[in-house]
$ cat model_30.cif   # mmCIF, C-alpha atoms and all ligand atoms
data_structure
loop_
_atom_site.label_atom_id
_atom_site.label_comp_id
_atom_site.auth_asym_id
_atom_site.auth_seq_id
_atom_site.Cartn_x
_atom_site.Cartn_y
_atom_site.Cartn_z
CA MET A 1 129.70 93.03 123.92
CA TYR A 2 130.04 93.72 120.21
CA MET A 3 131.52 90.25 119.65
CA ARG A 4 128.62 88.64 121.44
CA ILE A 5 126.10 90.48 119.30
CA ALA A 6 128.09 89.70 116.17
CA LYS A 7 128.24 86.00 117.11
CA ARG A 8 124.52 85.88 117.73
CA MET A 9 123.87 87.64 114.43
CA VAL A 10 126.04 85.15 112.56
CA LEU A 11 124.28 82.21 114.20
CA LEU A 12 120.90 83.72 113.42
CA LEU A 13 121.98 84.24 109.83
CA CYS A 14 123.21 80.65 109.54
CA VAL A 15 119.85 79.40 110.69
CA ALA A 16 118.05 81.89 108.48
CA LEU A 17 120.13 80.94 105.47
CA SER A 18 119.58 77.24 105.96
CA ALA A 19 115.87 77.92 106.43
CA ALA A 20 115.75 80.05 103.31
CA LEU A 21 117.50 77.43 101.25
CA ASN A 22 115.79 74.37 102.65
CA VAL A 23 112.41 75.06 104.10
CA THR A 24 111.74 71.47 105.12
CA ALA A 25 114.96 70.94 107.06
CA GLN A 26 115.02 73.68 109.65
CA ASP A 27 117.15 71.58 111.98
CA ALA A 28 119.95 71.35 109.44
CA VAL A 29 122.31 73.61 111.40
CA PRO A 30 123.70 71.77 114.45
CA ALA A 31 123.65 73.76 117.69
CA HIS A 32 127.42 73.42 118.18
CA MET A 33 128.25 74.84 114.76
CA THR A 34 130.40 77.96 114.67
CA TRP A 35 130.70 80.13 111.64
CA VAL A 36 133.88 82.08 111.03
CA GLN A 37 133.31 83.45 107.55
CA PRO A 38 132.93 87.21 107.13
CA MET A 39 129.32 88.24 107.49
CA GLU A 40 128.98 89.40 103.91
CA ARG A 41 129.68 85.86 102.71
CA VAL A 42 127.13 84.41 105.06
CA LEU A 43 124.57 87.01 104.16
CA GLN A 44 124.58 86.38 100.45
CA PRO A 45 121.88 83.81 99.74
CA ALA A 46 123.04 81.38 97.05
CA HIS A 47 120.03 81.99 94.84
CA LEU A 48 121.00 85.65 94.56
CA SER A 49 124.77 85.32 94.31
CA ALA A 50 126.61 86.94 91.44
CA GLY A 51 126.65 84.97 88.23
CA MET A 52 123.72 82.82 89.20
CA ALA A 53 120.77 83.21 86.88
CA VAL A 54 117.74 84.61 88.64
CA ASP A 55 114.59 82.99 87.41
CA LEU A 56 111.94 85.64 86.90
CA ASP A 57 109.44 83.10 85.57
CA THR A 58 109.07 81.45 88.96
CA PRO A 59 110.43 84.05 91.40
CA ALA A 60 111.26 82.85 94.93
CA SER A 61 109.95 79.35 94.26
CA TYR A 62 112.14 78.23 97.20
CA LEU A 63 109.62 80.00 99.47
CA TYR A 64 106.31 79.92 97.65
CA PRO A 65 104.75 76.54 96.92
CA GLU A 66 102.66 77.85 94.02
CA TRP A 67 102.01 80.65 91.59
CA SER A 68 98.43 81.87 91.69
CA ASN A 69 96.76 85.08 90.55
CA GLN A 70 93.96 84.70 93.05
CA TYR A 71 94.67 86.16 96.47
CA VAL A 72 96.89 88.91 97.84
CA HIS A 73 97.57 86.88 100.97
CA ASN A 74 96.36 83.34 101.34
CA PHE A 75 99.45 81.47 102.42
CA ASN A 76 99.97 78.65 104.86
CA ASP A 77 101.98 79.75 107.87
CA ALA A 78 103.57 76.30 107.97
CA ASN A 79 105.68 77.20 104.93
CA LEU A 80 107.16 80.23 106.66
CA PRO A 81 110.76 79.66 107.77
CA ASP A 82 111.77 81.02 111.20
CA SER A 83 113.94 83.64 109.52
CA VAL A 84 114.49 84.79 105.98
CA ILE A 85 117.24 87.02 104.65
CA ILE A 86 115.85 89.53 102.21
CA SER A 87 118.40 91.15 99.93
CA MET A 88 117.72 94.75 98.90
CA LYS A 89 120.16 94.36 96.00
CA GLY A 90 118.88 96.02 92.83
CA TYR A 91 116.06 97.89 94.58
CA PHE A 92 114.35 100.93 93.10
CA MET A 93 112.22 103.44 95.01
CA PRO A 94 108.58 102.94 93.88
CA THR A 95 108.00 106.70 93.93
CA ASP A 96 110.28 109.73 94.16
CA SER A 97 107.87 111.29 96.67
CA THR A 98 109.46 111.76 100.10
CA ARG A 99 106.30 112.42 102.07
CA ILE A 100 104.90 109.63 104.27
CA THR A 101 101.27 110.35 105.14
CA ASP A 102 100.54 107.22 107.17
CA LYS A 103 102.71 104.71 108.95
CA PHE A 104 102.55 100.93 109.18
CA GLY A 105 100.94 99.30 112.18
CA TYR A 106 97.95 98.74 114.32
CA ARG A 107 95.58 101.58 115.23
CA PRO A 108 93.55 100.82 118.34
CA ARG A 109 91.34 103.84 117.66
CA ARG A 110 90.16 102.41 114.33
CA ALA A 111 90.44 98.78 115.43
CA ARG A 112 92.28 97.86 112.29
CA ALA A 113 95.73 97.19 111.05
CA HIS A 114 97.40 99.31 108.40
CA LEU A 115 99.54 96.74 106.63
CA GLY A 116 101.50 99.15 104.48
CA ILE A 117 102.68 102.73 104.41
CA ASP A 118 101.10 105.63 102.57
CA ILE A 119 103.23 107.95 100.49
CA LYS A 120 101.79 111.15 99.06
CA VAL A 121 101.67 111.10 95.26
CA LYS A 122 99.72 113.12 92.73
CA ILE A 123 97.26 111.54 90.31
CA GLY A 124 99.29 110.47 87.28
CA ASP A 125 102.67 110.28 89.04
CA THR A 126 104.78 107.36 87.84
CA ILE A 127 104.90 104.35 90.18
CA ARG A 128 107.80 101.97 89.62
CA ALA A 129 108.60 98.34 90.42
CA ALA A 130 110.67 98.06 93.61
CA PHE A 131 112.67 95.05 92.33
CA ASP A 132 112.80 92.74 89.33
CA GLY A 133 109.88 90.35 89.48
CA LYS A 134 106.70 88.98 88.01
CA VAL A 135 103.26 90.55 88.35
CA ARG A 136 101.07 88.15 90.31
CA ILE A 137 97.93 90.29 90.61
CA SER A 138 96.71 93.24 88.53
CA ARG A 139 93.19 94.00 89.63
CA TYR A 140 90.55 96.49 90.78
CA GLU A 141 88.93 96.36 94.21
CA ARG A 142 86.30 99.04 94.69
CA ARG A 143 86.15 99.02 98.49
CA GLY A 144 89.79 98.37 99.23
CA TYR A 145 92.98 98.78 97.25
CA GLY A 146 91.30 100.32 94.19
CA HIS A 147 93.45 99.61 91.13
CA TYR A 148 96.32 97.59 92.57
CA LEU A 149 99.26 95.37 91.73
CA VAL A 150 101.07 92.57 93.53
CA ILE A 151 104.55 91.68 92.31
CA ARG A 152 106.60 88.68 93.48
CA HIS A 153 110.36 89.13 93.60
CA PRO A 154 113.27 86.66 93.60
CA ASN A 155 114.38 87.95 97.03
CA GLY A 156 111.25 86.45 98.59
CA LEU A 157 109.26 89.65 98.97
CA GLU A 158 105.93 90.47 97.42
CA THR A 159 105.23 94.17 96.99
CA VAL A 160 101.73 95.66 96.78
CA TYR A 161 100.88 99.00 95.14
CA GLY A 162 97.41 100.35 95.90
CA HIS A 163 95.00 103.17 94.92
CA LEU A 164 96.52 103.57 91.46
CA SER A 165 94.68 105.61 88.81
CA LYS A 166 95.99 103.28 86.14
CA LYS A 167 97.81 99.94 85.93
CA LEU A 168 100.47 99.68 83.24
CA VAL A 169 101.25 95.97 83.58
CA GLY A 170 99.19 92.81 83.46
CA GLU A 171 99.22 89.55 85.40
CA ASN A 172 102.14 87.17 84.74
CA GLU A 173 104.15 89.96 83.12
CA ILE A 174 107.85 90.15 83.99
CA VAL A 175 109.04 93.55 85.19
CA HIS A 176 112.40 95.01 86.10
CA ALA A 177 113.29 97.25 89.01
CA GLY A 178 112.38 100.84 88.13
CA ASP A 179 109.97 99.93 85.32
CA PRO A 180 106.84 102.12 85.34
CA ILE A 181 104.05 99.80 86.50
CA GLY A 182 101.23 102.22 87.24
CA LEU A 183 100.14 105.80 87.83
CA GLY A 184 99.43 107.34 91.21
CA GLY A 185 95.78 107.76 92.09
CA ASN A 186 92.96 107.86 94.58
CA THR A 187 90.93 104.73 93.72
CA GLY A 188 89.35 102.34 96.24
CA ARG A 189 89.09 103.19 99.91
CA SER A 190 91.28 106.24 99.83
CA THR A 191 90.98 109.87 100.82
CA GLY A 192 93.41 111.97 98.84
CA SER A 193 95.74 110.60 96.19
CA HIS A 194 98.53 108.46 97.61
CA LEU A 195 100.44 105.25 97.07
CA HIS A 196 99.64 102.50 99.56
CA PHE A 197 102.77 100.35 99.52
CA GLU A 198 103.11 96.95 101.21
CA THR A 199 105.98 94.51 101.58
CA ARG A 200 105.01 90.94 102.40
CA ILE A 201 106.67 87.58 102.74
CA LEU A 202 104.39 84.55 102.30
CA GLY A 203 101.52 86.92 103.01
CA GLN A 204 103.00 88.30 106.24
CA ALA A 205 103.17 92.08 106.14
CA ILE A 206 106.48 93.67 107.10
CA ASN A 207 106.81 97.38 107.77
CA PRO A 208 108.15 98.75 104.44
CA ALA A 209 109.93 101.52 106.36
CA LEU A 210 112.35 98.87 107.67
CA MET A 211 113.55 98.41 104.08
CA PHE A 212 112.64 101.56 102.12
CA ASP A 213 113.49 105.04 103.39
CA PHE A 214 111.17 107.24 101.33
CA PRO A 215 112.15 110.58 102.94
CA HIS A 216 115.78 109.94 101.96
CA GLN A 217 115.00 107.93 98.80
CA THR A 218 117.29 105.06 99.71
CA ALA A 219 117.31 101.53 101.08
CA VAL A 220 117.54 101.28 104.87
CA THR A 221 119.76 98.20 104.73
CA ASP A 222 121.53 95.83 102.32
CA TYR A 223 119.84 92.83 103.90
CA TYR A 224 116.73 92.73 106.00
CA VAL A 225 116.39 89.69 108.25
CA TYR A 226 112.76 88.73 108.67
CA SER A 227 112.11 86.78 111.85
CA LYS A 228 108.93 84.88 112.58
CA ASN A 229 109.29 85.61 116.29
CA THR A 230 109.36 89.37 116.08
CA ARG A 231 106.60 89.88 113.54
CA GLU A 232 103.26 91.49 114.30
CA VAL A 233 100.39 89.01 114.08
CA TYR A 234 96.77 90.01 113.46
CA TYR A 235 93.54 88.10 113.86
CA LYS A 236 90.12 88.80 112.38
CA VAL A 237 87.32 88.19 114.88
CA ARG A 238 84.90 85.43 113.84
CA SER A 239 81.42 84.58 115.02
CA GLY A 240 81.45 83.01 118.51
CA ASP A 241 84.90 84.34 119.40
CA THR A 242 85.69 85.60 122.87
CA LEU A 243 88.96 87.17 123.99
CA SER A 244 89.96 83.99 125.80
CA ARG A 245 89.12 81.82 122.80
CA ILE A 246 91.15 84.13 120.55
CA ALA A 247 94.03 83.98 123.04
CA ILE A 248 94.03 80.17 123.00
CA LYS A 249 93.77 80.00 119.20
CA ASN A 250 96.77 82.30 118.85
CA GLU A 251 98.85 80.83 121.66
CA THR A 252 98.85 84.04 123.66
CA THR A 253 97.08 85.48 126.71
CA VAL A 254 94.06 87.75 127.14
CA ALA A 255 96.31 90.19 129.01
CA ASN A 256 98.69 90.37 126.04
CA ILE A 257 95.86 90.96 123.55
CA CYS A 258 94.42 93.70 125.81
CA LYS A 259 97.80 95.38 126.09
CA LEU A 260 98.53 95.23 122.34
CA ASN A 261 95.14 96.67 121.44
CA GLY A 262 94.67 99.13 124.28
CA ILE A 263 91.42 97.48 125.36
CA SER A 264 90.09 96.06 128.64
CA ARG A 265 89.17 92.43 129.38
CA ASN A 266 85.51 93.41 129.21
CA ALA A 267 85.77 95.19 125.88
CA ILE A 268 83.09 94.28 123.35
CA ILE A 269 84.62 92.73 120.24
CA LYS A 270 82.81 92.61 116.92
CA VAL A 271 82.87 90.02 114.13
CA GLY A 272 85.20 91.20 111.38
CA GLN A 273 87.22 93.41 113.70
CA THR A 274 91.00 93.04 113.48
CA LEU A 275 92.95 92.48 116.67
CA ARG A 276 96.67 92.38 117.06
CA VAL A 277 97.50 89.12 118.85
CA ASN A 278 101.28 89.28 118.85
ZN ZN C 301 97.54 102.76 103.23
#

$ encode --input "model_30.cif" --output "structure tokens"
Amino acid sequence: MYMRIAKRMVLLLCVALSAALNVTAQDAVPAHMTWVQPMERVLQPAHLSAGMAVDLDTPASYLYPEWSNQYVHNFNDANLPDSVIISMKGYFMPTDSTRITDKFGYRPRRARAHLGIDIKVKIGDTIRAAFDGKVRISRYERRGYGHYLVIRHPNGLETVYGHLSKKLVGENEIVHAGDPIGLGGNTGRSTGSHLHFETRILGQAINPALMFDFPHQTAVTDYYVYSKNTREVYYKVRSGDTLSRIAIKNETTVANICKLNGISRNAIIKVGQTLRVN
């Protein structure tokens, strides 16, 4: 049993590694290929291996086609490999607070997705960069994130830090893991001071709790394997949409959408509402 799981893991990692290294050739690993190297060797992506210079000027350029200061998430799904290995090497906890006040995920009651986790911080508490990287966005959004930062990291992740009282770094600035980047706050759409923390890959939000264990102030894993097939997918309702049209657009079924959102087939959906579609 264990061997079977291990074999499947290794195969998955081979595919993920080839995808991570060569986005355009996802069929590069032949189906008959067997991999006998220890898992640690397989897991170490070449661009992060010891002795190899990590380019902080263009972090994770193997994944991201461009560097732009414009949007938090405006990426083409087509660039997303089936799996990506994300190394937690060199991580730093963004806050020393251990109190999670809101989890990641979809809330049927509020008909919206919470694409990060909330950690209780006091106004003025130091917020630190989770990894080495380059600040892509340093901005203020009155109705949303408040003062917020987006940092791109060489491991492929982008981290988002919201509701800050103050930003300490500017766009295109290079930061190192643990550097103070902002102060905790209560700006934007926020009730009570907290850090809203997101982890994304090519715009796709991943539950940060799968990588960062705030209560225990440690990383959950050495390597997190992101898989396109197991991610949560959300859709914003547009004018003229019906549940069946949304199902077709997202290659799913009305029944699945109803189940994921805790709604009935006859539920009234509103323009701008977020639905989980996978
Ligand atoms: Zn939040």

$ residues_near_ligand --input "model_30.cif" --ligand "ligand ZN 301 (chain C)" --cutoff "12 Å" --atoms "only C-alpha atoms and all ligand atoms" --output "PyMOL selection string"
chain A and resi 100-106+112-120+144-146+148+160-164+186-199+207-208

$ atom_distance --input "model_30.cif" --atom1 "atom CA of Trp67 of chain A" --atom2 "atom CA of Leu210 of chain A"
26.4 Å

$ atom_distance --input "model_30.cif" --atom1 "atom CA of Lys228 of chain A" --atom2 "atom CA of Val54 of chain A"
25.5 Å

$ residues_around --input "model_30.cif" --residues "Val237 of chain A" --least-positions-apart "4" --cutoff "8 Å" --atoms "all atoms listed in the file" --output "NGL selection string"
:A and (241 or 246 or 269-275)

$ write_last_selection --input "model_30.cif" --atoms "C-alpha atoms" --output "tab-separated table (two decimals), in the coordinates of the input"
chain	number	residue	atom	x	y	z
A	241	ASP	CA	84.90	84.34	119.40
A	246	ILE	CA	91.15	84.13	120.55
A	269	ILE	CA	84.62	92.73	120.24
A	270	LYS	CA	82.81	92.61	116.92
A	271	VAL	CA	82.87	90.02	114.13
A	272	GLY	CA	85.20	91.20	111.38
A	273	GLN	CA	87.22	93.41	113.70
A	274	THR	CA	91.00	93.04	113.48
A	275	LEU	CA	92.95	92.48	116.67

$ residues_around --input "model_30.cif" --residues "Asn79 of chain A" --least-positions-apart "3" --cutoff "8 Å" --atoms "only C-alpha atoms" --output "PyMOL selection string"
chain A and resi 23+63-64+75-76+202

$ closest_residue --input "model_30.cif" --among "A:His147, A:Arg238, A:Arg136, A:Arg142" --to "Ile174 of chain A" --atoms "only C-alpha atoms"
A:Arg136

$ atom_distance --input "model_30.cif" --atom1 "atom CA of Val220 of chain A" --atom2 "atom CA of Arg128 of chain A"
18.1 Å

$ closest_residue --input "model_30.cif" --among "A:Ala60, A:Val121, A:Ile263, A:Val72" --to "Arg200 of chain A" --atoms "all atoms listed in the file"
A:Val72

$ residues_near_point --input "model_30.cif" --point "(102.5, 92.6, 94.3)" --cutoff "7 Å" --atoms "all atoms listed in the file" --output "ChimeraX atom specification"
/A:135-137,149-152,158-161

$ residues_around --input "model_30.cif" --residues "Ile123 of chain A" --least-positions-apart "2" --cutoff "6 Å" --atoms "all atoms listed in the file" --output "JSON, numbers by chain"
{"A": [125, 184, 185]}

$ write_last_selection --input "model_30.cif" --atoms "C-alpha atoms" --output "mmCIF file, keeping the file's coordinate frame"
data_model
loop_
_atom_site.group_PDB
_atom_site.id
_atom_site.type_symbol
_atom_site.label_atom_id
_atom_site.label_comp_id
_atom_site.auth_asym_id
_atom_site.auth_seq_id
_atom_site.Cartn_x
_atom_site.Cartn_y
_atom_site.Cartn_z
ATOM 1 C CA ASP A 125 102.670 110.280 89.040
ATOM 2 C CA GLY A 184 99.430 107.340 91.210
ATOM 3 C CA GLY A 185 95.780 107.760 92.090
#

$ closest_residue --input "model_30.cif" --among "A:Thr98, A:Asn69, A:Asn74, A:Asn278" --to "Glu173 of chain A" --atoms "only C-alpha atoms"
A:Asn69
